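One structure is given below, encoded as structure tokens.
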Amino acid sequence: MITVERLCKRFGGLVAVNDVSLTIQSGKITGLIGPNGAGKSTLFNLIAGRYQPTSGRVLLDGADITGMPPHELFARGLLRTFQIAHEFSTLTVRENLMVVAPRHPGERLFNVWLRPGLVRQFDHEIRQKADEVLEFLKLDHIAHLPAGNISGGQKKLLELGRTMMAEPKIVFLDEVGAGVNRTLLYEIGDAIIRLNKERGYTFCLVEHDMDFIAQLCDPVIVMAGGAVMAEGTVAEVKSNQDVIEAYLGHGPKQKRQVK
Ligand SMILES: Nc1ncnc2c1ncn2[C@@H]1O[C@H](COP(=O)(O)OP(=O)(O)O)[C@@H](O)[C@H]1O
Ligand SMILES: [Mg+2]
């Protein structure tokens with residue numbers, strides 16, 4: 001589904017992503033792991049349109065999407081989750097879903113303009129869709145609460161729910177489990193697995209919790225020092241000597257870190 005060809009990103013003198021080529025296959029949950037500063041978030045940001053690459057290409061189903069802005073990628077079904085913006089914290093959980101624009105407005109929106117009588121029906125459909133998403137994620141009991149008042153883990157589920165409103169093809173999740181307790185982390189994991197199995201979503205996710213990665217991801221891609229160093233099943237990469245050394249911090253990549 002996604003093909004990354006020789007992607008590079010420099011920040012001044014620092015090469016954050018260095019000649020990365022990889023593919024993300026449709027229908028899979030691909031894990032992206034690696035030590036801090038490996039370039040994982042930068043790679044996500046390059047694919048999801050937040051950064052322009054210094055060089056290289058990104059293809060989505062064969063179409064060149066290199067450097068395309070996030071709203072165009074959204075229209076093509078490529079989404080990454082973002083934290084609920086501060087100004088949305090007073091909206092309810094349900095409203096936070098309803099404000100996500102549908103991905104295929106085309107004919108329906110055209111109808112809305114030409115036949116204003118359909119507007120109400122359109123709103124009704126969006127509300128129904130939001131309620132369906134809430135039920136899927138087992139958030140229906142907090143639908144009426146302001147998003148600012150729910151727990152950190154519930155916010156992560158809501159972020160996932162926002163992508164569901166757009167019926168994405170592929171979703172990028174960067175450390176969705178950061179700061180989330182284990183019970184909720186596994187609820188998030190369960191939702192990801194169900195979205196993958198039941199709805200056919202493709203996922204690519206960065207996560208530090210290796211048990212979580214092992215439960216969800218096949219394959220796993222390991223990055224270190226801005227480059228891909230291994231790819232395979234969790235068992236395969238765990239027994240890879242280069243990977244072990246990268247995590248223990250013996251590689252040359254540690255020196256590059258600017259912190
Ligand atoms: N916007 C930026 N400007 C300058 N350097 C950056 C920027 N974003 C990331 N970096 C640097 O690029 C390297 C890779 O960072 P990042 O992609 O965030 O790694 P990871 O997500 O794997 O921890 C790090 O050395 C980081 O400091
Ligand atoms: Mg990161």
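Naming scheme: A, B, ... for chains in displayed order of the structure tokens; residues 1 onward per chain; ligands 1 onward as shown.
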
Please tabulate, as a tab-separated table, the residues of chain A that come within 6 Å of ligand 1, each with its closest pair of atoms and the distance in Å to one decimal, counting only C-alpha atoms and all ligand atoms and ordering rows by chain, then residue number upward.
```
residue	atom	partner	partner_atom_place_in_ligand_line	distance
A:Phe11	CA	ligand 1	4 (C)	4.9
A:Ala16	CA	ligand 1	12 (O)	4.1
A:Asn36	CA	ligand 1	23 (O)	3.7
A:Gly37	CA	ligand 1	19 (O)	3.5
A:Ala38	CA	ligand 1	22 (O)	3.7
A:Gly39	CA	ligand 1	17 (O)	3.2
A:Lys40	CA	ligand 1	22 (O)	3.7
A:Ser41	CA	ligand 1	21 (O)	3.7
A:Thr42	CA	ligand 1	17 (O)	3.7
A:Gln257	CA	ligand 1	25 (O)	4.3
A:Val258	CA	ligand 1	27 (O)	5.1
```

Within 12 Å of ligand 2, counting only C-alpha atoms and all ligand atoms: which residues, as a CSV table (one decimal) with all heavy atoms, in the first residue's frame?
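Generated file (out_10.csv):
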```
chain,number,residue,atom,x,y,z
A,16,ALA,N,18.1,13.0,10.1
A,16,ALA,CA,17.1,12.3,10.9
A,16,ALA,C,16.6,11.1,10.3
A,16,ALA,O,16.4,10.1,11.0
A,16,ALA,CB,16.0,13.3,11.3
A,32,LEU,N,6.7,-0.1,14.0
A,32,LEU,CA,8.0,0.6,13.7
A,32,LEU,C,8.6,0.8,15.1
A,32,LEU,O,8.0,1.5,15.9
A,32,LEU,CB,7.7,1.9,13.0
A,32,LEU,CG,8.9,2.7,12.6
A,32,LEU,CD1,9.8,2.0,11.6
A,32,LEU,CD2,8.4,4.0,11.9
A,33,ILE,N,9.8,0.2,15.3
A,33,ILE,CA,10.4,0.3,16.6
A,33,ILE,C,11.8,0.8,16.5
A,33,ILE,O,12.4,0.9,15.3
A,33,ILE,CB,10.4,-1.0,17.4
A,33,ILE,CG1,11.2,-2.1,16.7
A,33,ILE,CG2,8.9,-1.5,17.6
A,33,ILE,CD1,11.4,-3.3,17.6
A,34,GLY,N,12.4,1.2,17.6
A,34,GLY,CA,13.8,1.7,17.6
A,34,GLY,C,14.0,2.6,18.7
A,34,GLY,O,13.1,3.1,19.3
A,35,PRO,N,15.3,2.8,19.1
A,35,PRO,CA,15.6,3.6,20.3
A,35,PRO,C,15.2,5.1,20.0
A,35,PRO,O,14.9,5.5,18.9
A,35,PRO,CB,17.2,3.5,20.4
A,35,PRO,CG,17.6,2.7,19.3
A,35,PRO,CD,16.5,2.2,18.5
A,36,ASN,N,15.1,5.8,21.1
A,36,ASN,CA,14.8,7.3,21.0
A,36,ASN,C,15.8,7.9,20.0
A,36,ASN,O,17.0,7.7,20.0
A,36,ASN,CB,15.0,8.0,22.3
A,36,ASN,CG,13.7,7.8,23.2
A,36,ASN,OD1,12.6,7.6,22.6
A,36,ASN,ND2,13.9,7.8,24.5
A,37,GLY,N,15.2,8.8,19.2
A,37,GLY,CA,16.0,9.6,18.2
A,37,GLY,C,16.3,8.8,17.0
A,37,GLY,O,17.1,9.2,16.1
A,38,ALA,N,15.7,7.6,16.8
A,38,ALA,CA,16.0,6.7,15.7
A,38,ALA,C,15.5,7.3,14.4
A,38,ALA,O,15.9,7.0,13.3
A,38,ALA,CB,15.4,5.3,15.9
A,39,GLY,N,14.5,8.2,14.5
A,39,GLY,CA,13.9,8.8,13.3
A,39,GLY,C,12.5,8.3,13.0
A,39,GLY,O,11.9,8.6,11.9
A,40,LYS,N,11.9,7.6,13.9
A,40,LYS,CA,10.6,7.0,13.7
A,40,LYS,C,9.5,8.1,13.5
A,40,LYS,O,8.7,8.1,12.5
A,40,LYS,CB,10.2,6.2,14.9
A,40,LYS,CG,11.2,5.1,15.2
A,40,LYS,CD,10.8,4.3,16.4
A,40,LYS,CE,10.6,5.0,17.7
A,40,LYS,NZ,11.9,5.5,18.3
A,41,SER,N,9.5,9.1,14.4
A,41,SER,CA,8.4,10.2,14.2
A,41,SER,C,8.7,11.0,13.0
A,41,SER,O,7.7,11.4,12.3
A,41,SER,CB,8.4,11.1,15.5
A,41,SER,OG,8.1,10.3,16.6
A,42,THR,N,9.9,11.2,12.7
A,42,THR,CA,10.3,12.0,11.5
A,42,THR,C,9.8,11.3,10.2
A,42,THR,O,9.2,11.8,9.3
A,42,THR,CB,11.8,12.3,11.4
A,42,THR,OG1,12.2,12.9,12.6
A,42,THR,CG2,12.1,13.2,10.2
A,43,LEU,N,10.0,9.9,10.2
A,43,LEU,CA,9.5,9.1,9.1
A,43,LEU,C,8.0,9.2,9.0
A,43,LEU,O,7.5,9.4,7.9
A,43,LEU,CB,10.0,7.7,9.2
A,43,LEU,CG,9.5,6.7,8.1
A,43,LEU,CD1,10.2,7.1,6.8
A,43,LEU,CD2,9.9,5.3,8.5
A,44,PHE,N,7.3,9.1,10.1
A,44,PHE,CA,5.8,9.3,10.1
A,44,PHE,C,5.4,10.6,9.5
A,44,PHE,O,4.5,10.7,8.7
A,44,PHE,CB,5.3,9.1,11.5
A,44,PHE,CG,4.9,7.7,11.8
A,44,PHE,CD1,5.5,6.6,11.2
A,44,PHE,CD2,3.9,7.5,12.8
A,44,PHE,CE1,5.1,5.3,11.6
A,44,PHE,CE2,3.5,6.2,13.1
A,44,PHE,CZ,4.1,5.1,12.5
A,45,ASN,N,6.1,11.6,10.0
A,45,ASN,CA,5.8,13.0,9.6
A,45,ASN,C,6.1,13.2,8.1
A,45,ASN,O,5.4,14.0,7.4
A,45,ASN,CB,6.5,14.0,10.4
A,45,ASN,CG,5.9,14.2,11.8
A,45,ASN,OD1,4.7,14.1,12.0
A,45,ASN,ND2,6.8,14.4,12.8
A,173,LEU,N,-0.1,5.6,13.8
A,173,LEU,CA,-0.2,5.9,15.2
A,173,LEU,C,1.1,6.0,15.8
A,173,LEU,O,1.9,5.0,15.8
A,173,LEU,CB,-1.0,4.7,15.9
A,173,LEU,CG,-2.4,4.3,15.4
A,173,LEU,CD1,-2.8,3.0,16.1
A,173,LEU,CD2,-3.4,5.4,15.7
A,174,ASP,N,1.5,7.2,16.3
A,174,ASP,CA,2.8,7.4,16.9
A,174,ASP,C,2.6,7.4,18.5
A,174,ASP,O,2.1,8.4,19.0
A,174,ASP,CB,3.3,8.8,16.5
A,174,ASP,CG,4.8,8.9,16.8
A,174,ASP,OD1,5.4,8.0,17.5
A,174,ASP,OD2,5.4,9.9,16.3
A,175,GLU,N,3.1,6.4,19.1
A,175,GLU,CA,3.1,6.2,20.5
A,175,GLU,C,1.7,6.5,21.1
A,175,GLU,O,1.5,7.3,22.0
A,175,GLU,CB,4.1,7.1,21.2
A,175,GLU,CG,5.5,6.8,20.7
A,175,GLU,CD,6.6,7.4,21.5
A,175,GLU,OE1,6.4,7.7,22.7
A,175,GLU,OE2,7.7,7.7,21.0
A,176,VAL,N,0.7,5.7,20.6
A,176,VAL,CA,-0.6,5.8,21.1
A,176,VAL,C,-0.8,5.4,22.6
A,176,VAL,O,-1.6,5.9,23.3
A,176,VAL,CB,-1.6,5.0,20.2
A,176,VAL,CG1,-1.4,3.5,20.4
A,176,VAL,CG2,-3.0,5.5,20.3
A,178,ALA,N,1.5,6.1,24.9
A,178,ALA,CA,2.3,6.8,25.9
A,178,ALA,C,1.5,7.4,27.0
A,178,ALA,O,0.5,8.0,26.8
A,178,ALA,CB,3.0,8.0,25.1
A,205,LEU,N,2.3,1.5,13.3
A,205,LEU,CA,2.4,2.1,14.6
A,205,LEU,C,3.8,2.1,15.2
A,205,LEU,O,4.5,1.1,15.1
A,205,LEU,CB,1.3,1.6,15.5
A,205,LEU,CG,1.2,0.1,15.8
A,205,LEU,CD1,1.9,-0.3,17.0
A,205,LEU,CD2,-0.3,-0.3,15.9
A,206,VAL,N,4.1,3.2,15.9
A,206,VAL,CA,5.3,3.3,16.7
A,206,VAL,C,4.8,3.1,18.1
A,206,VAL,O,3.9,3.7,18.6
A,206,VAL,CB,5.9,4.7,16.6
A,206,VAL,CG1,7.0,4.9,17.6
A,206,VAL,CG2,6.5,4.9,15.2
A,207,GLU,N,5.5,2.2,18.8
A,207,GLU,CA,5.2,2.0,20.2
A,207,GLU,C,6.4,1.4,21.0
A,207,GLU,O,7.2,0.7,20.4
A,207,GLU,CB,4.0,1.0,20.3
A,207,GLU,CG,3.4,0.9,21.7
A,207,GLU,CD,3.0,2.2,22.2
A,207,GLU,OE1,2.1,2.9,21.7
A,207,GLU,OE2,3.6,2.6,23.3
A,208,HIS,N,6.6,1.9,22.2
A,208,HIS,CA,7.7,1.4,23.0
A,208,HIS,C,7.5,0.1,23.7
A,208,HIS,O,8.4,-0.7,23.9
A,208,HIS,CB,8.2,2.5,24.0
A,208,HIS,CG,8.9,3.6,23.4
A,208,HIS,ND1,10.1,3.4,22.7
A,208,HIS,CD2,8.6,4.9,23.2
A,208,HIS,CE1,10.5,4.6,22.2
A,208,HIS,NE2,9.6,5.5,22.5
A,223,MET,N,14.3,0.7,13.3
A,223,MET,CA,15.1,1.8,12.8
A,223,MET,C,16.1,2.1,13.9
A,223,MET,O,15.8,2.0,15.1
A,223,MET,CB,14.2,3.1,12.6
A,223,MET,CG,13.5,3.1,11.3
A,223,MET,SD,12.7,4.7,11.1
A,223,MET,CE,14.0,5.8,10.5
A,224,ALA,N,17.3,2.6,13.4
A,224,ALA,CA,18.3,3.1,14.4
A,224,ALA,C,19.1,4.1,13.6
A,224,ALA,O,19.4,3.9,12.4
A,224,ALA,CB,19.1,2.0,15.0
A,226,GLY,N,18.4,6.8,12.1
A,226,GLY,CA,17.8,7.3,10.8
A,226,GLY,C,17.7,6.3,9.7
A,226,GLY,O,17.1,6.6,8.7
```

Set out as CSV a contact list for stretch 58-100 of chain A and stretch 132-142 of chain A with a cut-off of 12 Å, giving each residue of stretch 58-100 of chain A that qualifies its closest atom pair and distance in Å to one decimal, counting only C-alpha atoms, ordered by chain and rising residue number.
```
residue,atom,partner,partner_atom,distance
A:Thr92,CA,A:Ile142,CA,8.6
A:Val93,CA,A:Ile142,CA,7.0
A:Arg94,CA,A:Leu134,CA,7.6
A:Glu95,CA,A:Leu134,CA,11.1
A:Asn96,CA,A:Leu134,CA,10.9
A:Leu97,CA,A:Val133,CA,8.4
A:Met98,CA,A:Val133,CA,10.4
```

I need the residues from that last selection saved to file as a PDB file, in the first residue's frame (with all heavy atoms), if you can.
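This is the output file part_20.pdb:
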```pdb
ATOM      1  N   THR A  92     -18.240  17.935  23.369  1.00  0.00           N
ATOM      2  CA  THR A  92     -18.410  16.594  23.936  1.00  0.00           C
ATOM      3  C   THR A  92     -17.643  15.581  23.091  1.00  0.00           C
ATOM      4  O   THR A  92     -17.193  15.873  21.981  1.00  0.00           O
ATOM      5  CB  THR A  92     -19.888  16.163  23.947  1.00  0.00           C
ATOM      6  OG1 THR A  92     -20.323  16.004  22.594  1.00  0.00           O
ATOM      7  CG2 THR A  92     -20.770  17.168  24.677  1.00  0.00           C
ATOM      8  N   VAL A  93     -17.520  14.387  23.654  1.00  0.00           N
ATOM      9  CA  VAL A  93     -16.868  13.284  22.952  1.00  0.00           C
ATOM     10  C   VAL A  93     -17.565  13.045  21.609  1.00  0.00           C
ATOM     11  O   VAL A  93     -16.915  12.931  20.562  1.00  0.00           O
ATOM     12  CB  VAL A  93     -16.899  12.022  23.842  1.00  0.00           C
ATOM     13  CG1 VAL A  93     -16.524  10.772  23.068  1.00  0.00           C
ATOM     14  CG2 VAL A  93     -15.964  12.217  25.038  1.00  0.00           C
ATOM     15  N   ARG A  94     -18.905  13.018  21.608  1.00  0.00           N
ATOM     16  CA  ARG A  94     -19.647  12.776  20.368  1.00  0.00           C
ATOM     17  C   ARG A  94     -19.403  13.892  19.354  1.00  0.00           C
ATOM     18  O   ARG A  94     -19.173  13.634  18.172  1.00  0.00           O
ATOM     19  CB  ARG A  94     -21.143  12.644  20.644  1.00  0.00           C
ATOM     20  CG  ARG A  94     -21.957  12.351  19.362  1.00  0.00           C
ATOM     21  CD  ARG A  94     -23.451  12.347  19.593  1.00  0.00           C
ATOM     22  NE  ARG A  94     -23.918  11.153  20.260  1.00  0.00           N
ATOM     23  CZ  ARG A  94     -24.406  11.107  21.494  1.00  0.00           C
ATOM     24  NH1 ARG A  94     -24.488  12.210  22.220  1.00  0.00           N
ATOM     25  NH2 ARG A  94     -24.830   9.980  22.005  1.00  0.00           N
ATOM     26  N   GLU A  95     -19.419  15.136  19.847  1.00  0.00           N
ATOM     27  CA  GLU A  95     -19.187  16.274  18.933  1.00  0.00           C
ATOM     28  C   GLU A  95     -17.792  16.237  18.322  1.00  0.00           C
ATOM     29  O   GLU A  95     -17.603  16.609  17.161  1.00  0.00           O
ATOM     30  CB  GLU A  95     -19.400  17.602  19.678  1.00  0.00           C
ATOM     31  CG  GLU A  95     -20.863  17.918  19.904  1.00  0.00           C
ATOM     32  CD  GLU A  95     -21.097  18.985  20.969  1.00  0.00           C
ATOM     33  OE1 GLU A  95     -20.170  19.324  21.732  1.00  0.00           O
ATOM     34  OE2 GLU A  95     -22.242  19.476  21.044  1.00  0.00           O
ATOM     35  N   ASN A  96     -16.824  15.751  19.111  1.00  0.00           N
ATOM     36  CA  ASN A  96     -15.466  15.633  18.580  1.00  0.00           C
ATOM     37  C   ASN A  96     -15.404  14.674  17.392  1.00  0.00           C
ATOM     38  O   ASN A  96     -14.547  14.812  16.530  1.00  0.00           O
ATOM     39  CB  ASN A  96     -14.493  15.172  19.672  1.00  0.00           C
ATOM     40  CG  ASN A  96     -13.772  16.332  20.316  1.00  0.00           C
ATOM     41  OD1 ASN A  96     -12.796  16.832  19.752  1.00  0.00           O
ATOM     42  ND2 ASN A  96     -14.273  16.788  21.445  1.00  0.00           N
ATOM     43  N   LEU A  97     -16.298  13.707  17.380  1.00  0.00           N
ATOM     44  CA  LEU A  97     -16.369  12.804  16.223  1.00  0.00           C
ATOM     45  C   LEU A  97     -17.126  13.468  15.073  1.00  0.00           C
ATOM     46  O   LEU A  97     -16.727  13.382  13.919  1.00  0.00           O
ATOM     47  CB  LEU A  97     -17.071  11.500  16.611  1.00  0.00           C
ATOM     48  CG  LEU A  97     -16.340  10.648  17.642  1.00  0.00           C
ATOM     49  CD1 LEU A  97     -17.185   9.437  18.021  1.00  0.00           C
ATOM     50  CD2 LEU A  97     -14.986  10.193  17.119  1.00  0.00           C
ATOM     51  N   MET A  98     -18.202  14.161  15.426  1.00  0.00           N
ATOM     52  CA  MET A  98     -19.073  14.717  14.383  1.00  0.00           C
ATOM     53  C   MET A  98     -18.402  15.831  13.567  1.00  0.00           C
ATOM     54  O   MET A  98     -18.780  16.072  12.431  1.00  0.00           O
ATOM     55  CB  MET A  98     -20.384  15.220  14.991  1.00  0.00           C
ATOM     56  CG  MET A  98     -21.256  14.063  15.486  1.00  0.00           C
ATOM     57  SD  MET A  98     -22.826  14.614  16.190  1.00  0.00           S
ATOM     58  CE  MET A  98     -23.650  15.304  14.766  1.00  0.00           C
TER      59      MET A  98
END
```

**Q.** Pick from A:Arg182, A:Arg6, A:Arg80, A:Arg57, whichever lies nearest to A:Ala227 using only C-alpha atoms
**A.**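 Using only C-alpha atoms, A:Ala227 sits closest to A:Arg6.
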
Q. Any idea what the distance is between atom CA of A:Ala166 and atom CA of A:Leu79?
A.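 Separating atom CA of A:Ala166 from atom CA of A:Leu79 is a distance of 8.6 Å.
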
Q: Give the helix (DSSP H, G or I) residues of stretch 35-175 of chain A, as assigned by DSSP on the backbone, as JSON, numbers by chain.
A: {"A": [40, 41, 42, 43, 44, 45, 46, 47, 70, 71, 72, 73, 74, 75, 86, 87, 88, 93, 94, 95, 96, 97, 98, 106, 107, 108, 109, 110, 111, 112, 113, 114, 116, 117, 118, 119, 120, 121, 122, 123, 124, 125, 126, 127, 128, 129, 130, 131, 132, 133, 134, 135, 136, 140, 141, 142, 147, 148, 149, 152, 153, 154, 155, 156, 157, 158, 159, 160, 161, 162, 163, 164, 165]}

**Q.** Backbone-only DSSP, strand (DSSP E or B) members of stretch 28-132 of chain A, as a ChimeraX atom specification
**A.** /A:29-33,55-60,63-64,78-80,92

(Q) Just want the 12 Å neighbourhood of A:Gly189, counted on only C-alpha atoms, with same-chain residues fewer than 2 positions away dropped. Output as a ChimeraX atom specification. (A) /A:29,137,153,156-157,160,173,175-177,180,182-187,191-196,203,205,207,209,211-217

Just to be explicit: take each residue in the selection above, keep N, CA and C atoms, and write the result as a short mmCIF file (atom, residue, chain, number, x, y, z; two decimals), in the first residue's frame.
```
data_model
loop_
_atom_site.label_atom_id
_atom_site.label_comp_id
_atom_site.auth_asym_id
_atom_site.auth_seq_id
_atom_site.Cartn_x
_atom_site.Cartn_y
_atom_site.Cartn_z
N ILE A 29 -0.76 -4.97 10.25
CA ILE A 29 -0.42 -4.01 11.31
C ILE A 29 1.10 -4.04 11.42
N LEU A 137 -15.97 1.48 19.99
CA LEU A 137 -14.85 1.73 20.90
C LEU A 137 -15.26 1.67 22.37
N GLY A 153 -6.31 7.71 28.51
CA GLY A 153 -6.53 6.54 27.66
C GLY A 153 -7.78 6.69 26.81
N LYS A 156 -7.11 8.75 23.87
CA LYS A 156 -6.44 8.01 22.79
C LYS A 156 -7.47 7.24 21.96
N LEU A 157 -8.44 6.63 22.64
CA LEU A 157 -9.49 5.92 21.91
C LEU A 157 -10.30 6.89 21.07
N LEU A 160 -8.52 7.69 17.95
CA LEU A 160 -8.71 6.58 17.01
C LEU A 160 -10.10 6.69 16.38
N LEU A 173 -0.09 5.58 13.79
CA LEU A 173 -0.24 5.86 15.22
C LEU A 173 1.14 6.00 15.84
N GLU A 175 3.10 6.36 19.08
CA GLU A 175 3.09 6.21 20.54
C GLU A 175 1.71 6.46 21.14
N VAL A 176 0.74 5.70 20.62
CA VAL A 176 -0.64 5.84 21.08
C VAL A 176 -0.75 5.44 22.55
N GLY A 177 0.19 4.62 23.01
CA GLY A 177 0.11 4.13 24.39
C GLY A 177 0.89 4.95 25.39
N VAL A 180 -0.44 5.90 29.04
CA VAL A 180 -1.73 5.24 29.21
C VAL A 180 -1.54 4.01 30.10
N ARG A 182 -1.99 0.20 31.66
CA ARG A 182 -1.94 -1.06 30.90
C ARG A 182 -3.31 -1.55 30.45
N THR A 183 -4.31 -1.41 31.33
CA THR A 183 -5.65 -1.89 30.98
C THR A 183 -6.15 -1.16 29.74
N LEU A 184 -6.00 0.16 29.75
CA LEU A 184 -6.47 0.92 28.60
C LEU A 184 -5.61 0.68 27.37
N LEU A 185 -4.32 0.46 27.59
CA LEU A 185 -3.43 0.16 26.47
C LEU A 185 -3.95 -1.08 25.75
N TYR A 186 -4.37 -2.08 26.52
CA TYR A 186 -4.86 -3.30 25.88
C TYR A 186 -6.24 -3.10 25.25
N GLU A 187 -7.01 -2.18 25.78
CA GLU A 187 -8.28 -1.84 25.11
C GLU A 187 -8.01 -1.18 23.76
N ALA A 191 -8.98 -2.61 20.09
CA ALA A 191 -9.70 -1.82 19.07
C ALA A 191 -8.93 -1.82 17.75
N ILE A 192 -7.62 -1.73 17.83
CA ILE A 192 -6.79 -1.73 16.61
C ILE A 192 -6.93 -3.08 15.89
N ILE A 193 -6.87 -4.16 16.66
CA ILE A 193 -6.99 -5.50 16.06
C ILE A 193 -8.36 -5.67 15.40
N ARG A 194 -9.41 -5.21 16.09
CA ARG A 194 -10.76 -5.35 15.51
C ARG A 194 -10.92 -4.50 14.26
N LEU A 195 -10.36 -3.28 14.27
CA LEU A 195 -10.44 -2.42 13.09
C LEU A 195 -9.71 -3.05 11.91
N ASN A 196 -8.62 -3.72 12.23
CA ASN A 196 -7.84 -4.40 11.20
C ASN A 196 -8.58 -5.62 10.65
N PHE A 203 -2.63 -0.62 9.45
CA PHE A 203 -2.03 0.26 10.46
C PHE A 203 -0.51 0.23 10.37
N LEU A 205 2.31 1.48 13.27
CA LEU A 205 2.39 2.13 14.57
C LEU A 205 3.76 2.06 15.22
N GLU A 207 5.52 2.17 18.84
CA GLU A 207 5.18 1.96 20.24
C GLU A 207 6.41 1.44 20.97
N ASP A 209 6.25 -0.18 24.05
CA ASP A 209 5.92 -1.38 24.80
C ASP A 209 6.05 -2.61 23.89
N ASP A 211 5.68 -5.80 24.50
CA ASP A 211 4.61 -6.80 24.60
C ASP A 211 3.44 -6.41 23.70
N PHE A 212 3.16 -5.11 23.72
CA PHE A 212 2.08 -4.57 22.89
C PHE A 212 2.41 -4.78 21.40
N ILE A 213 3.65 -4.46 21.03
CA ILE A 213 4.10 -4.66 19.65
C ILE A 213 3.98 -6.14 19.27
N ALA A 214 4.43 -7.01 20.18
CA ALA A 214 4.42 -8.44 19.88
C ALA A 214 3.00 -8.95 19.68
N GLN A 215 2.07 -8.40 20.43
CA GLN A 215 0.69 -8.86 20.34
C GLN A 215 0.00 -8.40 19.04
N LEU A 216 0.40 -7.22 18.56
CA LEU A 216 -0.33 -6.63 17.42
C LEU A 216 0.38 -6.77 16.08
N CYS A 217 1.70 -6.65 16.08
CA CYS A 217 2.39 -6.31 14.83
C CYS A 217 3.07 -7.48 14.14
#
```

Q.
Under the rule that only C-alpha atoms are counted, which of A:Leu7, A:Ile126, A:Ala101, A:Val15 is the nearest residue to A:Gly67?
A.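 Of the candidates, the smallest distance to A:Gly67 is held by A:Leu7.
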